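Peer 1: Okay, here's the structure, questions in a sec.
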Amino acid sequence: MTPVAAIVDWVARGIIEGRLQPGDDLNSVELSRRFGVSRTPVREALFALSREGLVEWSPRRRPRVAKMQLDEVREIYALRALLYGQVSLEIVERATDEDIEALWRANRRLAEVAEKGDIDGYFWANVAFRDEELRISGNRIFKEVLDSMRMRTNRLRHLSTSLPGRMQRSCADHQRLCEAYAERDGVLAAAINRSIVMSALRAIEKAWGETPEAS
């Protein structure tokens, strides 16, 4: 991993997992010291994160963790719901028995970490489940679009996962989704997948005024 990629990964994970909060300064000198590099790769990394919407970097101001507006969150989730509904339809059309079993394995991992109450572990297992869905769907355009907003989306998904009761609800919903895939019911799978996304949005909307994301 290059120094720039390592810095991007560390800062992005800090923002996604909540160790770095909206409005926090991102001091390039401290980051240079932490990674043992000059300020050039640090600036490159922070610029890359600003393109992803995780970092605000205004003229004559230090870069800082970006805040998000609720309208933006709603737009992101509306698009994700639409795309994942289509992903489910393509999975049912294309998936082999081995693909369905791969989804069941990813789902079992979700259940294992949910039972432990491991929020970070559940979140990253959920990311792996979504990646498996995209692989099986075979739709490169959907993958490109979803990957283009991956960092901002992951930040919101981690927030949603951390809310009371959300991990257990998500785990039950993914079980139902895998059952629909196994039954080759595309309409039902698409409906469940859209519901999973929008249920997470409703949880975020409900908690918005109590979280540091609000601005």
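In the structure tokens, chains take letters A, B, ... by order of appearance, with residues numbered from 1 within each chain and ligands from 1 in the order shown.
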Just list as number ranges by chain whatever in segment 40-183 of chain A DSSP marks as alpha helix (DSSP H).

Peer 2: A: 40-51, 70-94, 97-116, 119-137, 140-148, 150-162, 166-182

Peer 1: Contacts of Gly36 of chain A at 12 Å or less, counting only C-alpha atoms, minus same-chain residues fewer than 5 places along, as a list of chain:residue names?

Peer 2: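 Close residues of Gly36 of chain A: A:Pro3, A:Val4, A:Ala6, A:Ile7, A:Ser28, A:Val29, A:Glu30, A:Leu31, A:Pro41, A:Val42.
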
Peer 1: A:Gly186, A:Gly14, A:Gly23, A:Pro164: which is nearest Tyr84 of chain A, counting only C-alpha atoms?

Peer 2: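 Among A:Gly186, A:Gly14, A:Gly23, A:Pro164, it is A:Gly186 that comes nearest to Tyr84 of chain A.
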
Peer 1: Could you tell me how far atom CA of Leu89 of chain A lies from atom CA of Val187 of chain A, in Å and to one decimal?

Peer 2: 6.9 Å

Peer 1: Give me, as a PyMOL selection string, all polymer residues having an atom no more than 10 Å from segment 68-77 of chain A, counting only C-alpha atoms and skipping those fewer than 5 positions away in the same chain.

Peer 2: chain A and resi 22+53-54+82-83+146+149+152-153+156-157+194+197-202+204-205+208+212-215

Peer 1: Taking C-alpha atoms for each residue, export the selection above as a PDB file, in the first residue's frame.

Peer 2:
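As a result, part-v9.pdb now contains:
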```pdb
ATOM      1  CA  PRO A  22     -17.654  16.028  11.839  1.00  0.00           C
ATOM      2  CA  GLY A  53     -17.105  13.976   0.347  1.00  0.00           C
ATOM      3  CA  LEU A  54     -15.475  12.950   3.636  1.00  0.00           C
ATOM      4  CA  LEU A  82     -33.207   1.835  -6.515  1.00  0.00           C
ATOM      5  CA  LEU A  83     -29.893   0.241  -7.483  1.00  0.00           C
ATOM      6  CA  LEU A 146     -22.125   2.369  -5.965  1.00  0.00           C
ATOM      7  CA  MET A 149     -20.102   6.918  -3.322  1.00  0.00           C
ATOM      8  CA  ARG A 152     -19.867   8.540   2.044  1.00  0.00           C
ATOM      9  CA  THR A 153     -22.267   5.607   2.061  1.00  0.00           C
ATOM     10  CA  LEU A 156     -23.836   6.576   6.930  1.00  0.00           C
ATOM     11  CA  ARG A 157     -24.150   2.800   7.070  1.00  0.00           C
ATOM     12  CA  ARG A 194     -35.092  -1.772  -1.103  1.00  0.00           C
ATOM     13  CA  VAL A 197     -31.916   0.460   2.528  1.00  0.00           C
ATOM     14  CA  MET A 198     -34.923   2.641   3.327  1.00  0.00           C
ATOM     15  CA  SER A 199     -35.264   1.209   6.836  1.00  0.00           C
ATOM     16  CA  ALA A 200     -31.698   2.341   7.514  1.00  0.00           C
ATOM     17  CA  LEU A 201     -32.577   5.798   6.207  1.00  0.00           C
ATOM     18  CA  ARG A 202     -35.602   6.041   8.499  1.00  0.00           C
ATOM     19  CA  ILE A 204     -30.926   7.855  10.523  1.00  0.00           C
ATOM     20  CA  GLU A 205     -33.706  10.406  10.069  1.00  0.00           C
ATOM     21  CA  TRP A 208     -30.448  12.844  13.110  1.00  0.00           C
ATOM     22  CA  PRO A 212     -22.992  15.021  15.415  1.00  0.00           C
ATOM     23  CA  GLU A 213     -23.729  14.559  11.710  1.00  0.00           C
ATOM     24  CA  ALA A 214     -26.446  17.221  11.852  1.00  0.00           C
ATOM     25  CA  SER A 215     -25.474  20.703  10.764  1.00  0.00           C
TER      26      SER A 215
END
```

Peer 1: Using DSSP on the backbone coordinates, identify all residues within segment 5-92 of chain A classified as strand (DSSP E); present the result as a PyMOL selection string.

Peer 2: chain A and resi 55-56+64-65

Peer 1: When distances are computed from only C-alpha atoms, which of A:Leu79, A:Arg109, A:Glu17, A:Asp9 shows the smallest separation from Ala48 of chain A?

Peer 2: A:Asp9
